[in-house]
>>> print(open('structure.txt').read())   # compact mmCIF, C-alpha atoms
# COMPACT_ATOMS: atom_id res chain seq x y z
CA MET A 286 1.46 12.84 -12.60
CA LYS A 287 1.19 11.39 -16.10
CA SER A 288 1.60 7.86 -14.74
CA LEU A 289 -1.16 8.51 -12.21
CA LEU A 290 -3.53 9.72 -14.93
CA VAL A 291 -2.87 6.63 -17.02
CA PHE A 292 -3.48 4.47 -13.96
CA VAL A 293 -6.78 6.20 -13.15
CA PHE A 294 -7.97 6.01 -16.78
CA PHE A 295 -7.39 2.29 -17.13
CA LEU A 296 -8.54 1.52 -13.60
CA ASN A 297 -12.02 2.27 -14.88
CA TYR A 298 -11.78 -0.89 -16.97
CA LEU A 299 -11.25 -3.33 -14.12
CA GLN A 300 -14.56 -5.03 -14.71
CA ALA A 301 -16.52 -7.88 -16.23
CA GLU A 302 -17.52 -8.05 -19.86
CA GLN A 303 -20.78 -8.84 -21.62
CA VAL A 304 -21.60 -10.20 -25.07
CA TRP A 305 -23.99 -7.99 -27.04
CA PHE A 306 -25.88 -8.54 -30.26
CA VAL A 307 -26.25 -5.20 -32.09
CA LYS A 308 -28.41 -4.46 -35.11
CA PHE A 309 -28.31 -1.26 -37.16
CA PRO A 310 -30.93 -0.24 -39.74
CA TYR A 311 -28.51 0.60 -42.57
CA LYS A 312 -25.43 -0.84 -44.26
CA HIS A 313 -22.66 1.41 -43.09
CA ASN A 314 -19.06 1.21 -41.86
CA TYR A 315 -19.95 1.39 -38.17
CA LEU A 316 -16.81 -0.51 -37.20
CA SER A 317 -14.40 2.33 -37.88
CA ARG A 318 -16.46 4.70 -35.70
CA ILE A 319 -16.83 2.16 -32.91
CA GLU A 320 -13.11 1.43 -33.02
CA LYS A 321 -12.29 5.11 -32.57
CA ILE A 322 -14.85 5.86 -29.86
CA PHE A 323 -14.73 2.55 -27.96
CA PRO A 324 -11.24 1.07 -28.38
CA LEU A 325 -11.80 -1.60 -25.73
CA ILE A 326 -14.92 -3.08 -27.31
CA ASP A 327 -14.06 -6.30 -29.14
CA LEU A 328 -15.77 -7.37 -32.39
CA ILE A 329 -16.72 -11.06 -32.23
CA GLU A 330 -19.12 -11.53 -35.14
CA TYR A 331 -20.02 -9.38 -38.11
CA ASP A 332 -22.44 -9.52 -41.05
CA TYR A 333 -22.20 -6.33 -43.08
CA TYR A 334 -25.14 -7.18 -45.34
CA GLN A 335 -27.46 -7.66 -42.37
CA SER A 336 -25.90 -4.75 -40.43
CA SER A 337 -25.55 -7.20 -37.55
CA TYR A 338 -22.71 -7.43 -35.04
CA VAL A 339 -21.75 -9.30 -31.90
CA PHE A 340 -19.43 -7.42 -29.53
CA LEU A 341 -17.61 -8.13 -26.31
CA VAL A 342 -18.44 -5.04 -24.25
CA PRO A 343 -16.74 -3.93 -21.00
CA THR A 344 -19.52 -3.12 -18.54
CA ASN A 345 -18.12 0.39 -17.95
CA ASP A 346 -18.67 1.11 -21.65
CA ALA A 347 -22.25 -0.15 -21.55
CA SER A 348 -24.00 3.17 -20.93
CA ASN A 349 -22.11 5.15 -23.56
CA PHE A 350 -22.32 2.33 -26.08
CA THR A 351 -26.09 2.12 -25.55
CA HIS A 352 -26.30 5.84 -26.27
CA PHE A 353 -24.24 5.41 -29.46
CA ILE A 354 -26.49 2.57 -30.66
CA HIS A 355 -29.66 4.57 -30.04
CA GLN A 356 -28.19 7.63 -31.76
CA SER A 357 -27.51 5.42 -34.75
CA GLN A 358 -31.14 4.17 -34.65
CA GLY A 359 -29.95 0.69 -33.78
CA SER A 360 -30.98 -1.89 -31.22
CA TYR A 361 -29.20 -4.42 -29.04
CA ARG A 362 -29.67 -7.33 -26.67
CA ILE A 363 -27.29 -8.88 -24.17
CA ILE A 364 -26.49 -12.49 -25.05
CA VAL A 365 -24.09 -13.23 -22.19
CA ASP A 366 -24.37 -11.05 -19.09
CA ASN A 367 -21.02 -12.06 -17.60
CA THR A 368 -18.42 -13.90 -19.65
CA LYS A 369 -17.04 -15.57 -16.53
CA ASP A 370 -20.17 -17.74 -16.62
CA LEU A 371 -18.80 -19.37 -19.78
CA LEU A 372 -15.89 -20.97 -17.94
CA LYS A 373 -17.97 -23.72 -16.32
CA LYS A 374 -19.19 -24.98 -19.68
CA SER A 375 -15.75 -24.79 -21.25
CA ARG A 376 -14.20 -26.82 -18.42
CA GLN A 377 -16.76 -29.55 -19.01
CA GLN A 378 -15.69 -29.60 -22.65
CA SER A 379 -12.02 -30.09 -21.83
CA LYS A 380 -12.06 -32.81 -19.16
CA ARG A 381 -9.08 -35.15 -19.18
CA SER A 382 -9.47 -38.71 -20.40
CA THR A 383 -7.19 -41.74 -20.12
CA ALA A 384 -4.24 -41.32 -22.47
CA SER A 385 -3.82 -44.04 -25.09
CA ASP A 386 -0.49 -45.63 -26.03
CA ASN A 387 -1.55 -45.28 -29.66
CA PRO A 388 -0.75 -41.71 -30.78
CA LEU A 389 -3.32 -42.00 -33.57
CA ASP A 390 -6.14 -42.83 -31.17
CA LYS A 391 -9.24 -40.69 -31.59
CA THR A 392 -9.07 -39.50 -27.97
CA TYR A 393 -6.27 -37.13 -29.04
CA TYR A 394 -8.59 -35.16 -31.32
CA GLN A 395 -12.06 -35.73 -29.91
CA ARG A 396 -11.61 -33.25 -27.06
CA PHE A 397 -9.72 -30.05 -26.31
CA LEU A 398 -6.28 -31.00 -24.99
CA SER A 399 -4.51 -28.87 -22.42
CA TYR A 400 -1.05 -27.56 -23.27
CA ASP A 401 0.59 -30.26 -21.15
CA GLU A 402 -1.52 -32.96 -22.79
CA GLN A 403 -0.59 -31.57 -26.20
CA GLN A 404 3.11 -31.75 -25.37
CA ASP A 405 2.76 -35.31 -24.07
CA TRP A 406 0.98 -36.30 -27.27
CA CYS A 407 3.67 -34.73 -29.46
CA ARG A 408 6.34 -36.68 -27.60
CA LEU A 409 4.30 -39.87 -28.06
CA LEU A 410 4.07 -39.17 -31.81
CA SER A 411 7.83 -38.80 -31.93
CA ASN A 412 8.59 -41.92 -29.86
CA SER A 413 5.94 -44.44 -30.87
CA SER A 414 6.92 -47.14 -33.35
CA LEU A 415 3.62 -46.45 -35.12
CA THR A 416 4.62 -42.91 -36.11
CA ASN A 417 8.24 -42.09 -35.29
CA LYS A 418 9.57 -42.84 -38.80
CA SER A 419 7.30 -40.15 -40.23
CA ILE A 420 7.62 -37.52 -37.48
CA ARG A 421 10.11 -34.90 -36.43
CA LEU A 422 9.44 -32.40 -33.65
CA HIS A 423 10.81 -28.87 -33.82
CA THR A 424 10.74 -26.50 -30.87
CA ILE A 425 10.81 -23.22 -32.77
CA GLY A 426 10.63 -20.90 -29.78
CA LYS A 427 9.29 -20.17 -26.31
CA THR A 428 6.41 -18.01 -25.14
CA TYR A 429 6.61 -15.28 -22.52
CA GLU A 430 5.48 -17.81 -19.90
CA ASN A 431 8.16 -20.23 -21.13
CA ARG A 432 5.92 -22.71 -22.96
CA SER A 433 7.39 -24.41 -26.01
CA LEU A 434 6.09 -23.79 -29.51
CA THR A 435 6.17 -27.32 -30.91
CA VAL A 436 5.88 -27.93 -34.64
CA VAL A 437 5.09 -31.45 -35.85
CA GLU A 438 6.80 -32.26 -39.15
CA ILE A 439 5.24 -35.05 -41.23
CA HIS A 440 7.48 -36.40 -43.96
CA SER A 441 8.05 -39.38 -46.22
CA LYS A 442 10.69 -40.43 -48.70
CA SER A 443 11.38 -37.55 -51.06
CA HIS A 444 10.48 -37.56 -54.72
CA PRO A 445 13.62 -38.32 -56.80
CA ARG A 446 13.89 -34.74 -58.05
CA TYR A 447 14.59 -33.58 -54.47
CA ARG A 448 17.32 -36.11 -53.69
CA LYS A 449 21.09 -35.70 -53.64
CA GLY A 450 20.85 -32.00 -52.85
CA ARG A 451 19.57 -31.03 -56.29
CA ARG A 452 16.65 -29.04 -54.96
CA ARG A 453 15.13 -28.16 -51.62
CA LYS A 454 11.91 -29.97 -50.89
CA ASN A 455 8.79 -27.83 -50.75
CA ALA A 456 6.92 -27.48 -47.48
CA VAL A 457 3.44 -26.66 -46.18
CA PHE A 458 2.79 -24.83 -42.92
CA ILE A 459 -0.48 -25.14 -40.99
CA ASP A 460 -1.20 -23.38 -37.70
CA GLY A 461 -4.06 -23.17 -35.23
CA GLY A 462 -4.80 -21.53 -31.92
CA MET A 463 -3.37 -18.12 -32.82
CA HIS A 464 -6.32 -16.55 -30.98
CA ALA A 465 -6.64 -18.12 -27.56
CA ARG A 466 -10.43 -18.51 -27.50
CA GLU A 467 -10.57 -20.37 -30.84
CA TRP A 468 -10.20 -23.85 -29.40
CA LEU A 469 -11.76 -25.54 -32.41
CA SER A 470 -8.81 -24.52 -34.61
CA ILE A 471 -6.43 -26.42 -32.30
CA GLY A 472 -8.58 -29.55 -32.34
CA VAL A 473 -8.89 -29.48 -36.13
CA ALA A 474 -5.12 -29.02 -36.56
CA ASN A 475 -4.61 -32.12 -34.40
CA TYR A 476 -7.14 -34.03 -36.50
CA VAL A 477 -5.19 -33.06 -39.63
CA ILE A 478 -1.99 -34.44 -38.08
CA VAL A 479 -3.65 -37.78 -37.34
CA GLN A 480 -5.16 -38.11 -40.79
CA PHE A 481 -1.93 -37.35 -42.64
CA LEU A 482 -0.22 -40.06 -40.60
CA LYS A 483 -3.02 -42.60 -40.97
CA LEU A 484 -3.39 -42.12 -44.73
CA LYS A 485 0.22 -41.49 -45.83
CA GLU A 486 0.45 -44.94 -47.46
CA LYS A 487 -3.24 -45.75 -47.96
CA ASN A 488 -4.58 -42.68 -49.78
CA PRO A 489 -2.98 -42.07 -53.22
CA LYS A 490 -3.43 -38.29 -53.01
CA VAL A 491 -1.98 -38.04 -49.50
CA LYS A 492 0.92 -40.28 -50.53
CA LYS A 493 1.67 -38.08 -53.52
CA ILE A 494 1.42 -34.89 -51.45
CA LEU A 495 4.01 -36.22 -49.00
CA HIS A 496 6.33 -37.05 -51.90
CA TYR A 497 6.39 -33.40 -52.90
CA PHE A 498 5.78 -31.64 -49.60
CA ASP A 499 6.81 -32.01 -45.99
CA VAL A 500 3.93 -30.81 -43.81
CA PHE A 501 4.64 -28.72 -40.70
CA ILE A 502 1.80 -28.21 -38.22
CA LEU A 503 1.82 -25.87 -35.22
CA SER A 504 -1.50 -26.73 -33.57
CA MET A 505 -1.09 -24.41 -30.60
CA MET A 506 0.56 -21.11 -31.58
CA ASN A 507 -0.65 -19.23 -28.49
CA PRO A 508 -0.40 -21.68 -25.59
CA ASP A 509 -0.17 -18.97 -22.90
CA GLY A 510 -3.39 -17.35 -24.05
CA TYR A 511 -5.05 -20.72 -24.57
CA GLU A 512 -4.34 -21.85 -21.02
CA TYR A 513 -5.61 -18.50 -19.75
CA SER A 514 -8.84 -18.98 -21.71
CA ARG A 515 -9.20 -22.44 -20.18
CA ASN A 516 -8.75 -21.26 -16.61
CA GLU A 517 -9.64 -17.57 -16.30
CA ASN A 518 -11.43 -15.97 -19.26
CA ARG A 519 -13.05 -18.16 -21.92
CA LEU A 520 -13.17 -15.34 -24.50
CA TRP A 521 -9.54 -14.27 -24.11
CA ARG A 522 -7.96 -13.54 -27.51
CA LYS A 523 -4.37 -12.30 -27.05
CA ASN A 524 -1.19 -13.83 -25.69
CA ARG A 525 -0.16 -13.09 -22.08
CA ALA A 526 2.92 -10.92 -22.42
CA PRO A 527 3.01 -7.80 -20.24
CA THR A 528 2.46 -4.43 -21.89
CA SER A 529 3.45 -0.86 -21.06
CA VAL A 530 0.14 -0.41 -19.22
CA SER A 531 0.13 -3.74 -17.39
CA ASN A 532 3.36 -2.72 -15.68
CA TYR A 533 1.44 -0.15 -13.61
CA TRP A 534 -0.50 -2.83 -11.74
CA SER A 535 -1.27 -6.53 -11.96
CA ILE A 536 -4.98 -6.51 -11.13
CA ASP A 537 -6.46 -6.08 -14.59
CA SER A 538 -5.54 -8.99 -16.83
CA SER A 539 -7.13 -7.36 -19.89
CA CYS A 540 -4.19 -4.95 -20.16
CA TYR A 541 -1.82 -7.84 -20.78
CA GLY A 542 -1.16 -9.41 -24.14
CA VAL A 543 -0.88 -8.69 -27.85
CA ASP A 544 -3.12 -9.90 -30.67
CA LEU A 545 -0.68 -12.17 -32.50
CA ASN A 546 -2.56 -11.79 -35.77
CA ARG A 547 -1.87 -8.06 -35.75
CA ASN A 548 1.87 -8.35 -34.99
CA PHE A 549 3.33 -9.78 -38.21
CA PRO A 550 5.90 -7.67 -40.08
CA PHE A 551 3.96 -6.70 -43.20
CA GLN A 552 1.76 -3.59 -43.37
CA TRP A 553 1.83 -3.52 -39.58
CA ASN A 554 -0.56 -1.09 -37.85
CA ASN A 555 -1.37 1.12 -40.82
CA THR A 556 -5.18 0.98 -40.89
CA PHE A 557 -8.25 0.02 -38.91
CA GLY A 558 -8.58 -3.41 -37.37
CA ALA A 559 -5.47 -3.18 -35.18
CA SER A 560 -5.51 -1.20 -31.95
CA PRO A 561 -2.73 0.89 -30.34
CA PHE A 562 -4.42 0.49 -26.91
CA PRO A 563 -2.78 -2.21 -24.73
CA CYS A 564 -6.06 -3.09 -23.02
CA SER A 565 -7.78 -3.71 -26.37
CA HIS A 566 -8.37 -7.27 -27.56
CA SER A 567 -6.82 -6.25 -30.90
CA PHE A 568 -3.69 -4.58 -29.53
CA SER A 569 -1.02 -4.83 -32.24
CA GLY A 570 1.99 -4.38 -29.93
CA LEU A 571 4.36 -1.45 -29.72
CA LYS A 572 6.15 -2.67 -32.85
CA SER A 573 5.89 -5.50 -35.32
CA LEU A 574 7.54 -8.76 -34.33
CA SER A 575 7.45 -7.75 -30.68
CA GLU A 576 6.02 -11.12 -29.60
CA ASN A 577 7.97 -14.34 -29.10
CA GLU A 578 5.31 -16.42 -30.85
CA VAL A 579 5.32 -14.26 -33.97
CA GLN A 580 9.11 -14.01 -34.07
CA SER A 581 9.36 -17.80 -33.88
CA VAL A 582 6.92 -18.43 -36.75
CA VAL A 583 8.42 -15.68 -38.93
CA ASN A 584 11.94 -17.03 -38.46
CA PHE A 585 10.71 -20.54 -39.22
CA LEU A 586 8.94 -19.50 -42.43
CA ARG A 587 11.92 -17.42 -43.53
CA ASN A 588 14.03 -20.57 -43.34
CA LYS A 589 16.51 -19.13 -40.87
CA THR A 590 16.37 -22.37 -38.89
CA TYR A 591 15.39 -25.13 -41.33
CA THR A 592 17.07 -24.14 -44.58
CA ARG A 593 16.36 -27.29 -46.55
CA HIS A 594 12.70 -26.47 -46.94
CA GLN A 595 11.11 -24.01 -49.32
CA PHE A 596 7.67 -23.08 -47.96
CA TYR A 597 5.09 -23.12 -50.70
CA ALA A 598 1.67 -23.03 -48.99
CA TYR A 599 0.26 -21.73 -45.71
CA PHE A 600 -3.06 -22.64 -44.08
CA ASN A 601 -4.02 -20.48 -41.09
CA LEU A 602 -6.89 -22.01 -39.05
CA HIS A 603 -9.26 -19.77 -37.11
CA ALA A 604 -12.84 -19.92 -35.83
CA TYR A 605 -15.42 -19.01 -36.84
CA GLY A 606 -17.75 -18.13 -39.74
CA ARG A 607 -16.94 -20.66 -42.52
CA PHE A 608 -14.85 -18.33 -44.64
CA TRP A 609 -11.94 -19.18 -46.94
CA LEU A 610 -9.99 -15.93 -46.81
CA LEU A 611 -7.32 -14.82 -49.27
CA PRO A 612 -4.77 -11.98 -49.06
CA TRP A 613 -4.75 -9.08 -48.76
CA SER A 614 -6.18 -8.37 -45.32
CA TYR A 615 -4.81 -4.84 -45.04
CA THR A 616 -6.59 -3.25 -48.00
CA THR A 617 -9.58 -3.60 -50.30
CA LEU A 618 -7.92 -1.48 -52.99
CA GLU A 619 -5.30 -4.03 -54.08
CA ARG A 620 -5.14 -7.75 -54.62
CA VAL A 621 -2.23 -10.14 -54.32
CA LYS A 622 -0.73 -10.76 -57.79
CA ASN A 623 -1.95 -14.36 -58.13
CA TYR A 624 -5.38 -13.65 -56.66
CA ASP A 625 -7.30 -15.03 -59.64
CA ASP A 626 -5.52 -18.38 -59.39
CA LEU A 627 -5.99 -18.50 -55.60
CA PHE A 628 -9.68 -17.70 -55.91
CA LYS A 629 -10.35 -20.22 -58.69
CA ARG A 630 -8.43 -23.00 -56.95
CA SER A 631 -10.01 -22.28 -53.55
CA ASN A 632 -13.50 -21.97 -55.00
CA ASN A 633 -13.14 -25.31 -56.80
CA VAL A 634 -12.09 -26.99 -53.57
CA THR A 635 -14.82 -25.49 -51.40
CA SER A 636 -17.45 -26.31 -54.02
CA THR A 637 -16.49 -29.97 -54.28
CA VAL A 638 -15.35 -30.77 -50.72
CA MET A 639 -17.37 -28.34 -48.62
CA ASN A 640 -20.57 -28.24 -50.67
CA GLY A 641 -20.12 -24.53 -51.27
CA THR A 642 -20.74 -23.70 -47.61
CA TYR A 643 -17.52 -21.68 -47.27
CA LYS A 644 -17.46 -18.15 -48.68
CA VAL A 645 -14.28 -17.57 -50.67
CA GLY A 646 -12.76 -14.14 -51.19
CA GLN A 647 -10.35 -11.46 -50.13
CA ALA A 648 -10.13 -11.20 -46.35
CA SER A 649 -10.54 -7.42 -46.26
CA SER A 650 -13.72 -7.63 -48.36
CA LEU A 651 -15.43 -10.63 -46.78
CA LEU A 652 -14.68 -9.52 -43.22
CA TYR A 653 -12.86 -6.24 -42.56
CA SER A 654 -9.49 -4.64 -43.16
CA CYS A 655 -6.79 -5.36 -40.59
CA THR A 656 -3.02 -5.17 -40.60
CA GLY A 657 -0.08 -7.25 -39.46
CA THR A 658 -1.81 -10.55 -40.29
CA SER A 659 -0.11 -13.86 -40.82
CA ILE A 660 -1.60 -14.56 -44.26
CA ASP A 661 -0.45 -11.19 -45.60
CA PHE A 662 3.05 -11.86 -44.33
CA ALA A 663 3.02 -15.44 -45.67
CA ALA A 664 1.88 -14.15 -49.08
CA THR A 665 5.13 -12.19 -49.35
CA LEU A 666 7.09 -15.46 -48.98
CA MET A 667 5.11 -18.08 -50.85
CA PRO A 668 2.48 -18.31 -53.62
CA HIS A 669 -0.33 -19.88 -51.59
CA ALA A 670 -1.53 -18.35 -48.31
CA MET A 671 -5.04 -18.48 -46.87
CA THR A 672 -7.06 -18.39 -43.65
CA LEU A 673 -9.84 -20.89 -43.01
CA GLU A 674 -12.47 -19.67 -40.55
CA LEU A 675 -14.13 -22.81 -39.22
CA SER A 676 -17.67 -23.50 -38.02
CA PRO A 677 -20.26 -22.37 -37.31
CA MET A 678 -21.56 -20.46 -40.28
CA TYR A 679 -23.24 -17.06 -39.97
CA HIS A 680 -26.93 -17.82 -40.44
CA GLY A 681 -28.14 -14.46 -39.26
CA LEU A 682 -26.72 -13.12 -36.05
CA PRO A 683 -26.54 -14.17 -33.37
CA LEU A 684 -26.75 -17.92 -33.80
CA CYS A 685 -28.72 -18.35 -30.58
CA TYR A 686 -31.83 -16.45 -31.63
CA ASP A 687 -34.72 -16.79 -34.04
CA GLY A 688 -35.96 -13.24 -34.25
CA TYR A 689 -36.22 -12.19 -30.62
CA SER A 690 -36.87 -15.69 -29.26
CA ARG A 691 -33.96 -17.65 -27.86
CA LYS A 692 -33.64 -20.97 -29.70
CA ASP A 693 -31.44 -22.79 -27.20
CA GLN A 694 -30.80 -21.86 -23.60
CA ASN A 695 -27.35 -23.45 -23.79
CA CYS A 696 -26.38 -21.54 -26.93
CA THR A 697 -23.88 -18.72 -26.64
CA ILE A 698 -21.55 -17.89 -29.51
CA GLY A 699 -19.41 -19.77 -32.01
CA PHE A 700 -16.25 -19.78 -29.92
CA MET A 701 -18.06 -22.18 -27.61
CA SER A 702 -18.32 -24.95 -30.22
CA GLY A 703 -18.08 -28.28 -28.43
CA PRO A 704 -15.49 -31.02 -28.98
CA GLU A 705 -17.99 -32.93 -31.09
CA GLU A 706 -17.34 -30.32 -33.81
CA ILE A 707 -13.63 -31.19 -34.08
CA GLU A 708 -14.09 -34.30 -36.18
CA ILE A 709 -16.97 -32.81 -38.19
CA ASP A 710 -14.90 -29.79 -39.20
CA GLY A 711 -11.70 -31.78 -39.31
CA ILE A 712 -12.96 -34.13 -42.00
CA GLU A 713 -13.84 -31.37 -44.43
CA VAL A 714 -10.80 -29.20 -43.63
CA PHE A 715 -8.39 -32.12 -44.06
CA ASN A 716 -10.04 -33.13 -47.32
CA ALA A 717 -9.98 -29.54 -48.54
CA ILE A 718 -6.27 -29.15 -47.76
CA VAL A 719 -5.54 -32.45 -49.55
CA GLU A 720 -7.51 -31.41 -52.63
CA TYR A 721 -5.86 -27.99 -52.69
CA LEU A 722 -2.32 -29.37 -52.43
CA TYR A 723 -3.04 -32.13 -54.93
CA SER A 724 -4.28 -29.55 -57.44
CA ILE A 725 -1.00 -27.63 -57.01
CA ILE A 726 0.99 -30.79 -57.74
CA GLN A 727 -1.09 -31.56 -60.82
CA ASP A 728 -0.68 -28.05 -62.20
CA ASN A 729 2.90 -27.25 -61.24
CA PHE A 730 5.01 -30.31 -60.41
CA VAL A 731 3.87 -33.21 -62.57
>>> encode(input="structure.txt", output="structure tokens")
Amino acid sequence: MKSLLVFVFFLNYLQAEQVWFVKFPYKHNYLSRIEKIFPLIDLIEYDYYQSSYVFLVPTNDASNFTHFIHQSQGSYRIIVDNTKDLLKKSRQQSKRSTASDNPLDKTYYQRFLSYDEQQDWCRLLSNSSLTNKSIRLHTIGKTYENRSLTVVEIHSKSHPRYRKGRRRKNAVFIDGGMHAREWLSIGVANYVIVQFLKLKEKNPKVKKILHYFDVFILSMMNPDGYEYSRNENRLWRKNRAPTSVSNYWSIDSSCYGVDLNRNFPFQWNNTFGASPFPCSHSFSGLKSLSENEVQSVVNFLRNKTYTRHQFYAYFNLHAYGRFWLLPWSYTTLERVKNYDDLFKRSNNVTSTVMNGTYKVGQASSLLYSCTGTSIDFAATLMPHAMTLELSPMYHGLPLCYDGYSRKDQNCTIGFMSGPEEIEIDGIEVFNAIVEYLYSIIQDNFV
């Protein structure tokens, strides 16, 4: 009987979703109330100071959510009536092109590669005479659907202090694509790979960084979810592992998957921002480290596999909002011990490289509190951990409207940034990472 009730309850959510822009008249913590009352509504965009939000709303929640908004004296408009309509545009953005024999060719970062194309490119990086002396590939794990998690290691000759076993070399870890719909983060991670390889002997700062650090880049941390977002649901966020609810039937894909950025083993599931409901976009899993992808990254960072490296800095790429987020994510009441140094160093970099267009601050304060995040976990292992939320910036929400007039009929939301944004964002993100790491060397290693 209990199983039947669960089935009937979740059967109500076998439906399409819409994207809503919601505006409330007052600054207030509406998110905690919405999370409790509507656990299957997904927050996409958020500006606390403007009391403005963009949500992904299941159509069966539409009536009750409308009532909640009106009770709160708010207003709303539907930006996207059916998210399935977004697939056509996204497929146009990810069309295949002729593969180049040069692994540093711009075609490898000027569009959104499929998983198979990404794997082919990684193998080309490893085998080509142009790059193979500076590249190692590491398969650090497999996903539920048996896709490889491939880390690209970029290295050069070690600084003398690291030779002859006297000291482990420091390492940097960069990842993208943790949330399936954030394609831009994958493209930018690939751009960063290309630039490190192109400039390793030409740029004095890059050359010095690679003397002190080996750089490990996992461009596609959630390949199962990414491929699902390419083929079935453009705004899919989670991975594609089955859950306790998905075992009851296979019709509703929304009840599959875990939010990987709520599954890390530090302060897991102890506050708002992570959902216990399997059909929620922010489902944290039944326990921390339940997901193959998270287990693989955690084991890698803990040096259980590659013991000669001491990880020193972590850059977690997401999209979107143009934020430079620092730990902690799980609370606004405490700060990581070296917060002042992180903030000063990050603020200096964003001011000089990004023209001050990135907001720097604690993740829980600039956005919202959430638990089980990768930067909070990384901050327990290494002194420098941060999340970069890429373009576009929040210039009043949503981006597609000027007041109540639609500015661009083709505009939707920031997850739909086109491939032309990869190089634009990639240039400033690569330069920012270089400046950040170079400042660490100047202050700590020279």
>>> closest_residue(input="structure.txt", among="A:Thr435, A:Ser514, A:Asn455, A:Ser631", to="Phe700 (chain A)", atoms="only C-alpha atoms")
A:Ser514
>>> atom_distance(input="structure.txt", atom1="CA of Gly461 (chain A)", atom2="CA of Ile660 (chain A)")
12.7 Å
>>> closest_residue(input="structure.txt", among="A:Tyr599, A:Asp728, A:Arg620, A:Met639", to="Pro668 (chain A)", atoms="only C-alpha atoms")
A:Tyr599
>>> residues_around(input="structure.txt", residues="Val645 (chain A)", least_positions_apart="5", cutoff="7 Å", atoms="all atoms listed in the file", output="mmCIF file with C-alpha atoms, keeping the file's coordinate frame")
data_model
loop_
_atom_site.group_PDB
_atom_site.id
_atom_site.type_symbol
_atom_site.label_atom_id
_atom_site.label_comp_id
_atom_site.auth_asym_id
_atom_site.auth_seq_id
_atom_site.Cartn_x
_atom_site.Cartn_y
_atom_site.Cartn_z
ATOM 1 C CA PHE A 608 -14.850 -18.330 -44.640
ATOM 2 C CA TRP A 609 -11.940 -19.180 -46.940
ATOM 3 C CA LEU A 610 -9.990 -15.930 -46.810
ATOM 4 C CA PHE A 628 -9.680 -17.700 -55.910
ATOM 5 C CA SER A 631 -10.010 -22.280 -53.550
ATOM 6 C CA ASN A 632 -13.500 -21.970 -55.000
#
>>> closest_residue(input="structure.txt", among="A:Leu422, A:Leu675, A:Val304, A:Ala648", to="Asp366 (chain A)", atoms="all atoms listed in the file")
A:Val304
>>> atom_distance(input="structure.txt", atom1="CA of Leu341 (chain A)", atom2="CA of Asp327 (chain A)")
4.9 Å
>>> closest_residue(input="structure.txt", among="A:Phe596, A:Tyr334, A:Trp406, A:Phe306", to="Ala384 (chain A)", atoms="all atoms listed in the file")
A:Trp406
>>> residues_around(input="structure.txt", residues="Met506 (chain A)", least_positions_apart="3", cutoff="7 Å", atoms="only C-alpha atoms", output="list of chain:residue names")
A:Leu434, A:Asp460, A:Gly461, A:Gly462, A:Met463, A:Leu503, A:Glu578
>>> write_last_selection(input="structure.txt", atoms="C-alpha atoms", output="tab-separated table (two decimals), in the frame of the given file")
chain	number	residue	atom	x	y	z
A	434	LEU	CA	6.09	-23.79	-29.51
A	460	ASP	CA	-1.20	-23.38	-37.70
A	461	GLY	CA	-4.06	-23.17	-35.23
A	462	GLY	CA	-4.80	-21.53	-31.92
A	463	MET	CA	-3.37	-18.12	-32.82
A	503	LEU	CA	1.82	-25.87	-35.22
A	578	GLU	CA	5.31	-16.42	-30.85
>>> residues_around(input="structure.txt", residues="Phe662 (chain A)", least_positions_apart="4", cutoff="12 Å", atoms="all atoms listed in the file", output="tab-separated table (two decimals) with C-alpha atoms, keeping the file's coordinate frame")
chain	number	residue	atom	x	y	z
A	546	ASN	CA	-2.56	-11.79	-35.77
A	547	ARG	CA	-1.87	-8.06	-35.75
A	548	ASN	CA	1.87	-8.35	-34.99
A	549	PHE	CA	3.33	-9.78	-38.21
A	550	PRO	CA	5.90	-7.67	-40.08
A	551	PHE	CA	3.96	-6.70	-43.20
A	552	GLN	CA	1.76	-3.59	-43.37
A	553	TRP	CA	1.83	-3.52	-39.58
A	573	SER	CA	5.89	-5.50	-35.32
A	574	LEU	CA	7.54	-8.76	-34.33
A	579	VAL	CA	5.32	-14.26	-33.97
A	582	VAL	CA	6.92	-18.43	-36.75
A	583	VAL	CA	8.42	-15.68	-38.93
A	584	ASN	CA	11.94	-17.03	-38.46
A	586	LEU	CA	8.94	-19.50	-42.43
A	587	ARG	CA	11.92	-17.42	-43.53
A	599	TYR	CA	0.26	-21.73	-45.71
A	601	ASN	CA	-4.02	-20.48	-41.09
A	611	LEU	CA	-7.32	-14.82	-49.27
A	612	PRO	CA	-4.77	-11.98	-49.06
A	613	TRP	CA	-4.75	-9.08	-48.76
A	614	SER	CA	-6.18	-8.37	-45.32
A	615	TYR	CA	-4.81	-4.84	-45.04
A	621	VAL	CA	-2.23	-10.14	-54.32
A	656	THR	CA	-3.02	-5.17	-40.60
A	657	GLY	CA	-0.08	-7.25	-39.46
A	658	THR	CA	-1.81	-10.55	-40.29
A	666	LEU	CA	7.09	-15.46	-48.98
A	667	MET	CA	5.11	-18.08	-50.85
A	668	PRO	CA	2.48	-18.31	-53.62
A	669	HIS	CA	-0.33	-19.88	-51.59
A	670	ALA	CA	-1.53	-18.35	-48.31
A	671	MET	CA	-5.04	-18.48	-46.87
>>> residues_around(input="structure.txt", residues="Asp346 (chain A)", least_positions_apart="3", cutoff="9 Å", atoms="all atoms listed in the file", output="PyMOL selection string")
chain A and resi 298+323+325-326+342-343+349-351
>>> residues_around(input="structure.txt", residues="Lys369 (chain A)", least_positions_apart="5", cutoff="9 Å", atoms="all atoms listed in the file", output="ChimeraX atom specification")
/A:301-302,517-520
